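Text of protein_14.txt, listed as compact mmCIF, C-alpha atoms:
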```
# COMPACT_ATOMS: atom_id res chain seq x y z
CA MET G 1 1.25 -45.47 26.36
CA THR G 2 -1.04 -42.59 25.51
CA ALA G 3 0.06 -39.89 23.11
CA THR G 4 -0.73 -36.33 24.02
CA VAL G 5 -1.89 -34.14 21.22
CA PRO G 6 -1.15 -30.47 21.75
CA ALA G 7 -4.12 -28.14 21.63
CA PRO G 8 -4.37 -26.16 18.44
CA THR G 9 -2.98 -22.68 18.82
CA ALA G 10 -4.54 -19.64 17.26
CA SER G 11 -2.60 -17.81 14.61
CA PRO G 12 -1.81 -14.15 15.35
CA THR G 13 -4.68 -13.18 13.04
CA GLU G 14 -7.13 -15.52 14.79
CA ALA G 15 -6.03 -14.37 18.24
CA ALA G 16 -6.81 -10.73 17.40
CA ILE G 17 -10.37 -11.46 16.26
CA ASP G 18 -13.08 -10.37 18.66
CA SER G 19 -16.23 -12.32 17.88
CA SER G 20 -18.31 -10.03 20.10
CA ALA G 21 -18.37 -7.58 17.17
CA CYS G 22 -20.77 -10.05 15.48
CA SER G 23 -23.35 -9.64 18.24
CA ALA G 24 -26.32 -7.31 18.14
CA ASP G 25 -25.20 -6.25 21.64
CA HIS G 26 -22.01 -4.71 20.27
CA PRO G 27 -22.20 -0.89 20.41
CA ALA G 28 -21.20 -0.52 16.73
CA SER G 29 -23.32 -3.40 15.42
CA GLY G 30 -25.34 -1.18 13.07
CA VAL G 31 -22.24 0.38 11.52
CA ILE G 32 -20.54 -3.02 11.25
CA ARG G 33 -23.58 -4.50 9.49
CA ASP G 34 -23.68 -1.54 7.10
CA VAL G 35 -20.00 -1.89 6.17
CA LEU G 36 -20.23 -5.66 5.82
CA SER G 37 -23.27 -5.39 3.56
CA ARG G 38 -21.24 -3.19 1.21
CA VAL G 39 -17.93 -5.03 1.19
CA GLY G 40 -19.39 -8.49 1.72
CA ASP G 41 -21.24 -8.84 -1.55
CA LYS G 42 -19.58 -11.02 -4.16
CA TRP G 43 -19.04 -8.26 -6.72
CA SER G 44 -17.38 -5.87 -4.26
CA LEU G 45 -15.09 -8.64 -3.02
CA LEU G 46 -14.01 -9.49 -6.56
CA VAL G 47 -13.44 -5.84 -7.54
CA ILE G 48 -11.39 -5.14 -4.39
CA GLY G 49 -9.38 -8.32 -4.98
CA LEU G 50 -8.57 -7.31 -8.56
CA LEU G 51 -7.71 -3.70 -7.70
CA GLY G 52 -5.62 -4.57 -4.66
CA ASP G 53 -2.28 -4.12 -6.41
CA ARG G 54 -3.01 -2.36 -9.72
CA SER G 55 -5.35 0.03 -11.45
CA LEU G 56 -7.63 -1.24 -14.20
CA ARG G 57 -9.89 0.25 -16.80
CA PHE G 58 -13.62 -0.48 -16.69
CA THR G 59 -13.50 -2.82 -19.69
CA GLU G 60 -10.62 -4.81 -18.18
CA LEU G 61 -12.49 -5.19 -14.89
CA HIS G 62 -15.61 -6.25 -16.78
CA ARG G 63 -13.64 -8.83 -18.75
CA ARG G 64 -12.00 -10.28 -15.62
CA ILE G 65 -15.17 -10.64 -13.52
CA ASP G 66 -17.21 -13.52 -14.91
CA GLY G 67 -20.95 -12.99 -14.89
CA ILE G 68 -21.12 -9.32 -13.85
CA SER G 69 -23.31 -7.07 -15.95
CA HIS G 70 -22.18 -3.66 -17.16
CA ARG G 71 -24.80 -2.03 -14.93
CA MET G 72 -23.83 -4.04 -11.83
CA LEU G 73 -20.12 -3.25 -12.29
CA THR G 74 -20.94 0.45 -12.65
CA GLN G 75 -23.07 0.38 -9.49
CA THR G 76 -20.45 -1.59 -7.55
CA LEU G 77 -17.65 0.80 -8.53
CA ARG G 78 -19.75 3.84 -7.57
CA ASN G 79 -20.59 2.34 -4.18
CA LEU G 80 -16.95 1.43 -3.51
CA GLU G 81 -15.88 4.92 -4.57
CA ARG G 82 -18.48 6.46 -2.24
CA ASP G 83 -17.15 4.37 0.64
CA GLY G 84 -13.58 5.49 -0.05
CA LEU G 85 -12.36 2.06 -1.14
CA VAL G 86 -11.85 2.80 -4.85
CA SER G 87 -10.70 5.89 -6.70
CA ARG G 88 -11.71 6.84 -10.23
CA THR G 89 -9.28 8.73 -12.47
CA SER G 90 -10.51 10.19 -15.72
CA TYR G 91 -7.96 11.18 -18.38
CA ALA G 92 -8.73 13.92 -20.92
CA GLU G 93 -7.85 11.87 -23.97
CA ILE G 94 -9.55 10.86 -27.17
CA PRO G 95 -11.03 8.33 -26.69
CA PRO G 96 -11.65 9.08 -22.98
CA ARG G 97 -9.87 6.80 -20.55
CA VAL G 98 -10.98 6.03 -16.99
CA GLU G 99 -9.03 3.91 -14.53
CA TYR G 100 -10.05 2.53 -11.18
CA ALA G 101 -7.66 1.80 -8.34
CA ALA G 102 -7.94 0.75 -4.73
CA THR G 103 -7.34 3.56 -2.25
CA PRO G 104 -5.10 2.87 0.77
CA LEU G 105 -8.27 1.89 2.65
CA GLY G 106 -9.27 -0.41 -0.21
CA ARG G 107 -5.80 -1.98 -0.31
CA SER G 108 -6.05 -2.70 3.41
CA LEU G 109 -9.31 -4.55 2.67
CA ALA G 110 -7.70 -6.48 -0.20
CA VAL G 111 -5.54 -8.43 2.25
CA PRO G 112 -8.41 -10.23 4.05
CA VAL G 113 -10.39 -10.44 0.78
CA LEU G 114 -7.57 -12.32 -0.93
CA GLU G 115 -7.23 -14.56 2.14
CA LEU G 116 -10.94 -15.37 1.82
CA VAL G 117 -10.52 -16.03 -1.91
CA GLY G 118 -7.62 -18.37 -1.12
CA TRP G 119 -9.73 -20.15 1.50
CA ALA G 120 -12.58 -20.57 -1.00
CA SER G 121 -10.18 -21.95 -3.59
CA ALA G 122 -8.64 -24.39 -1.13
CA HIS G 123 -11.97 -25.66 0.21
CA HIS G 124 -14.36 -25.55 -2.73
CA GLU G 125 -14.19 -29.33 -3.28
CA GLN G 126 -15.10 -30.02 0.36
CA ILE G 127 -17.99 -27.57 0.20
CA THR G 128 -19.27 -29.08 -3.04
CA ALA G 129 -19.08 -32.57 -1.51
CA ALA G 130 -20.94 -31.39 1.61
CA ARG G 131 -23.65 -29.79 -0.54
CA ASP G 132 -24.03 -32.95 -2.59
CA ALA G 133 -24.29 -35.09 0.57
CA TYR G 134 -26.84 -32.71 2.10
CA ASP G 135 -28.93 -32.62 -1.07
CA GLU G 136 -28.85 -36.42 -1.30
CA THR G 137 -30.11 -36.88 2.26
CA SER G 138 -32.67 -34.05 1.98
CA ALA G 139 -34.17 -35.53 -1.18
CA ARG G 140 -35.26 -38.67 0.66
```

For the file at hand, write its structure as structure tokens.
Amino acid sequence: MTATVPAPTASPTEAAIDSSACSADHPASGVIRDVLSRVGDKWSLLVIGLLGDRSLRFTELHRRIDGISHRMLTQTLRNLERDGLVSRTSYAEIPPRVEYAATPLGRSLAVPVLELVGWASAHHEQITAARDAYDETSAR
């Protein structure tokens, strides 16, 4: 007797994805590439993930993002603010206080960013093993 395995079904999120947007033939390919280059870098992803549900001061963001320089965090926040993903609020206090928060557009981006972070966390051991296997066979 042969068992029949049902075909995998796409989740609602997967079903809504149109891979043609990845093609150079797509009418908005230039705009898509531009947006992805901004939000797809590791620092932007980490900032958006951290600001998705709360506002944070610069020093708190800097402390929570391992390896980012002061200059790179400043540049990343300015770029995200320019793109409408992050807002900057300055308070007239002594000492001065500045807080950063995700805008509604930024919060909408936090959802897929956090899904990607979860995927990376769940699969990092497999990726590390694949890298090690590749490096072992490439070294021969």

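Atom CA of Arg33 of chain G to atom CA of Thr103 of chain G spans 21.6 Å [interatomic distance, one decimal].
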
Within 10 Å of Asp83 of chain G, counting only C-alpha atoms, which residues qualify if same-chain residues fewer than 6 places away don't, as a count of residues only? 6

Restricting the calculation to only C-alpha atoms, which member of G:Pro27, G:Pro104, G:Pro95, G:Gly67 is positioned closest to Trp43 of chain G? G:Gly67

I'd like the box whose edges run along x, y and z of the file and which contains every listed atom of segment 45-63 of chain G, padded by 5 Å per side; could you state its centre and edge lengths in Å, one decimal, as JSON?
```
{"center_x": -8.9, "center_y": -4.6, "center_z": -11.4, "size_x": 23.3, "size_y": 19.7, "size_z": 26.7}
```

Would you please work out which residue, of G:Ser108, G:Asn79, G:Ser121, G:Thr89, is nearest to Ser55 of chain G when using only C-alpha atoms?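 Among the listed residues, G:Thr89 lies closest to Ser55 of chain G.
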
For Leu56 of chain G: contacts at 7 Å, only C-alpha atoms, fewer than 6 positions along chain excluded, given as a list in words: Glu99, Tyr100 and Ala101 of chain G

So which one's closest to Gly40 of chain G, G:Arg78, G:Ser19, G:Pro112, G:Trp119? Using only C-alpha atoms, please.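 For Gly40 of chain G, the nearest of the candidates is G:Pro112.
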
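Among the candidates G:Val98, G:Cys22, G:Val113, G:Ala92, the residue lying nearest to Leu61 of chain G is G:Val98 (atoms considered: all atoms listed in the file).
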
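With all atoms listed in the file as the atoms that count, the residue of G:Leu116, G:Arg57, G:Ser29, G:Arg82 with the shortest distance to Pro96 of chain G is G:Arg57.
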
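Closest approach to Lys42 of chain G among G:Val86, G:Met72, G:Ala24, G:Ala130 is made by G:Met72 (distances from all atoms listed in the file).
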
Counting all atoms listed in the file, what is within 10 Å of Ala110 of chain G, bar same-chain residues fewer than 4 positions away, as an MDAnalysis selection string? chainID G and resid 45:53 85 102 104:106 114:116

Provide the atom CA of Glu93 of chain G to atom CA of Ile65 of chain G distance in Å, to one decimal place.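 Between atom CA of Glu93 of chain G and atom CA of Ile65 of chain G the gap works out to 25.9 Å.
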
Quick one, how far is atom CA of His26 of chain G from atom CA of Ala120 of chain G?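 Straight-line distance from atom CA of His26 of chain G to atom CA of Ala120 of chain G works out to 28.2 Å.
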
Since the input lacks atoms, please generate N, CA and C atoms for segment 13-44 of chain G and provide them as a PDB file, in the coordinates of the input.
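What ended up in result-v3.pdb:
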```
ATOM      1  N   THR G  13      -3.472 -13.780  13.608  1.00  0.00           N
ATOM      2  CA  THR G  13      -4.680 -13.180  13.040  1.00  0.00           C
ATOM      3  C   THR G  13      -5.907 -13.654  13.805  1.00  0.00           C
ATOM      4  N   GLU G  14      -5.987 -14.966  14.073  1.00  0.00           N
ATOM      5  CA  GLU G  14      -7.130 -15.520  14.790  1.00  0.00           C
ATOM      6  C   GLU G  14      -7.206 -14.990  16.214  1.00  0.00           C
ATOM      7  N   ALA G  15      -6.053 -14.822  16.858  1.00  0.00           N
ATOM      8  CA  ALA G  15      -6.030 -14.370  18.240  1.00  0.00           C
ATOM      9  C   ALA G  15      -6.556 -12.941  18.364  1.00  0.00           C
ATOM     10  N   ALA G  16      -6.404 -12.129  17.336  1.00  0.00           N
ATOM     11  CA  ALA G  16      -6.810 -10.730  17.400  1.00  0.00           C
ATOM     12  C   ALA G  16      -8.287 -10.541  17.085  1.00  0.00           C
ATOM     13  N   ILE G  17      -8.967 -11.584  16.647  1.00  0.00           N
ATOM     14  CA  ILE G  17     -10.370 -11.460  16.260  1.00  0.00           C
ATOM     15  C   ILE G  17     -11.254 -11.460  17.503  1.00  0.00           C
ATOM     16  N   ASP G  18     -12.142 -10.483  17.561  1.00  0.00           N
ATOM     17  CA  ASP G  18     -13.080 -10.370  18.660  1.00  0.00           C
ATOM     18  C   ASP G  18     -14.462 -10.694  18.133  1.00  0.00           C
ATOM     19  N   SER G  19     -14.945 -11.892  18.429  1.00  0.00           N
ATOM     20  CA  SER G  19     -16.230 -12.320  17.880  1.00  0.00           C
ATOM     21  C   SER G  19     -17.409 -11.554  18.467  1.00  0.00           C
ATOM     22  N   SER G  20     -17.201 -10.800  19.535  1.00  0.00           N
ATOM     23  CA  SER G  20     -18.310 -10.030  20.100  1.00  0.00           C
ATOM     24  C   SER G  20     -18.793  -8.950  19.137  1.00  0.00           C
ATOM     25  N   ALA G  21     -17.957  -8.577  18.164  1.00  0.00           N
ATOM     26  CA  ALA G  21     -18.370  -7.580  17.170  1.00  0.00           C
ATOM     27  C   ALA G  21     -19.483  -8.122  16.272  1.00  0.00           C
ATOM     28  N   CYS G  22     -19.701  -9.436  16.274  1.00  0.00           N
ATOM     29  CA  CYS G  22     -20.770 -10.050  15.480  1.00  0.00           C
ATOM     30  C   CYS G  22     -22.125  -9.968  16.171  1.00  0.00           C
ATOM     31  N   SER G  23     -22.131  -9.634  17.441  1.00  0.00           N
ATOM     32  CA  SER G  23     -23.350  -9.640  18.240  1.00  0.00           C
ATOM     33  C   SER G  23     -24.142  -8.348  18.097  1.00  0.00           C
ATOM     34  N   ALA G  24     -25.452  -8.486  18.167  1.00  0.00           N
ATOM     35  CA  ALA G  24     -26.320  -7.310  18.140  1.00  0.00           C
ATOM     36  C   ALA G  24     -26.085  -6.433  19.369  1.00  0.00           C
ATOM     37  N   ASP G  25     -25.483  -7.005  20.418  1.00  0.00           N
ATOM     38  CA  ASP G  25     -25.200  -6.250  21.640  1.00  0.00           C
ATOM     39  C   ASP G  25     -23.992  -5.336  21.508  1.00  0.00           C
ATOM     40  N   HIS G  26     -23.207  -5.533  20.464  1.00  0.00           N
ATOM     41  CA  HIS G  26     -22.010  -4.710  20.270  1.00  0.00           C
ATOM     42  C   HIS G  26     -22.441  -3.264  19.992  1.00  0.00           C
ATOM     43  N   PRO G  27     -21.778  -2.278  20.591  1.00  0.00           N
ATOM     44  CA  PRO G  27     -22.200  -0.890  20.410  1.00  0.00           C
ATOM     45  C   PRO G  27     -22.162  -0.399  18.959  1.00  0.00           C
ATOM     46  N   ALA G  28     -21.308  -0.965  18.134  1.00  0.00           N
ATOM     47  CA  ALA G  28     -21.200  -0.520  16.730  1.00  0.00           C
ATOM     48  C   ALA G  28     -21.844  -1.513  15.776  1.00  0.00           C
ATOM     49  N   SER G  29     -22.764  -2.336  16.271  1.00  0.00           N
ATOM     50  CA  SER G  29     -23.320  -3.400  15.420  1.00  0.00           C
ATOM     51  C   SER G  29     -23.995  -2.858  14.164  1.00  0.00           C
ATOM     52  N   GLY G  30     -24.674  -1.746  14.251  1.00  0.00           N
ATOM     53  CA  GLY G  30     -25.340  -1.180  13.070  1.00  0.00           C
ATOM     54  C   GLY G  30     -24.339  -0.739  12.017  1.00  0.00           C
ATOM     55  N   VAL G  31     -23.281  -0.082  12.448  1.00  0.00           N
ATOM     56  CA  VAL G  31     -22.240   0.380  11.520  1.00  0.00           C
ATOM     57  C   VAL G  31     -21.521  -0.825  10.914  1.00  0.00           C
ATOM     58  N   ILE G  32     -21.229  -1.809  11.725  1.00  0.00           N
ATOM     59  CA  ILE G  32     -20.540  -3.020  11.250  1.00  0.00           C
ATOM     60  C   ILE G  32     -21.385  -3.716  10.194  1.00  0.00           C
ATOM     61  N   ARG G  33     -22.676  -3.862  10.456  1.00  0.00           N
ATOM     62  CA  ARG G  33     -23.580  -4.500   9.490  1.00  0.00           C
ATOM     63  C   ARG G  33     -23.609  -3.719   8.183  1.00  0.00           C
ATOM     64  N   ASP G  34     -23.651  -2.389   8.288  1.00  0.00           N
ATOM     65  CA  ASP G  34     -23.680  -1.540   7.100  1.00  0.00           C
ATOM     66  C   ASP G  34     -22.423  -1.729   6.252  1.00  0.00           C
ATOM     67  N   VAL G  35     -21.273  -1.717   6.896  1.00  0.00           N
ATOM     68  CA  VAL G  35     -20.000  -1.890   6.170  1.00  0.00           C
ATOM     69  C   VAL G  35     -19.919  -3.284   5.567  1.00  0.00           C
ATOM     70  N   LEU G  36     -20.287  -4.292   6.328  1.00  0.00           N
ATOM     71  CA  LEU G  36     -20.230  -5.660   5.820  1.00  0.00           C
ATOM     72  C   LEU G  36     -21.191  -5.886   4.659  1.00  0.00           C
ATOM     73  N   SER G  37     -22.339  -5.220   4.688  1.00  0.00           N
ATOM     74  CA  SER G  37     -23.270  -5.390   3.560  1.00  0.00           C
ATOM     75  C   SER G  37     -22.677  -4.821   2.278  1.00  0.00           C
ATOM     76  N   ARG G  38     -21.871  -3.779   2.399  1.00  0.00           N
ATOM     77  CA  ARG G  38     -21.240  -3.190   1.210  1.00  0.00           C
ATOM     78  C   ARG G  38     -20.080  -4.048   0.732  1.00  0.00           C
ATOM     79  N   VAL G  39     -19.153  -4.338   1.624  1.00  0.00           N
ATOM     80  CA  VAL G  39     -17.930  -5.030   1.190  1.00  0.00           C
ATOM     81  C   VAL G  39     -18.101  -6.531   1.130  1.00  0.00           C
ATOM     82  N   GLY G  40     -19.196  -7.046   1.676  1.00  0.00           N
ATOM     83  CA  GLY G  40     -19.390  -8.490   1.720  1.00  0.00           C
ATOM     84  C   GLY G  40     -20.099  -9.079   0.522  1.00  0.00           C
ATOM     85  N   ASP G  41     -20.579  -8.242  -0.392  1.00  0.00           N
ATOM     86  CA  ASP G  41     -21.240  -8.840  -1.550  1.00  0.00           C
ATOM     87  C   ASP G  41     -20.188  -9.347  -2.531  1.00  0.00           C
ATOM     88  N   LYS G  42     -20.560 -10.340  -3.317  1.00  0.00           N
ATOM     89  CA  LYS G  42     -19.580 -11.020  -4.160  1.00  0.00           C
ATOM     90  C   LYS G  42     -18.911 -10.085  -5.158  1.00  0.00           C
ATOM     91  N   TRP G  43     -19.644  -9.125  -5.711  1.00  0.00           N
ATOM     92  CA  TRP G  43     -19.040  -8.260  -6.720  1.00  0.00           C
ATOM     93  C   TRP G  43     -18.009  -7.323  -6.092  1.00  0.00           C
ATOM     94  N   SER G  44     -18.337  -6.760  -4.937  1.00  0.00           N
ATOM     95  CA  SER G  44     -17.380  -5.870  -4.260  1.00  0.00           C
ATOM     96  C   SER G  44     -16.107  -6.617  -3.895  1.00  0.00           C
TER      97      SER G  44
END
```
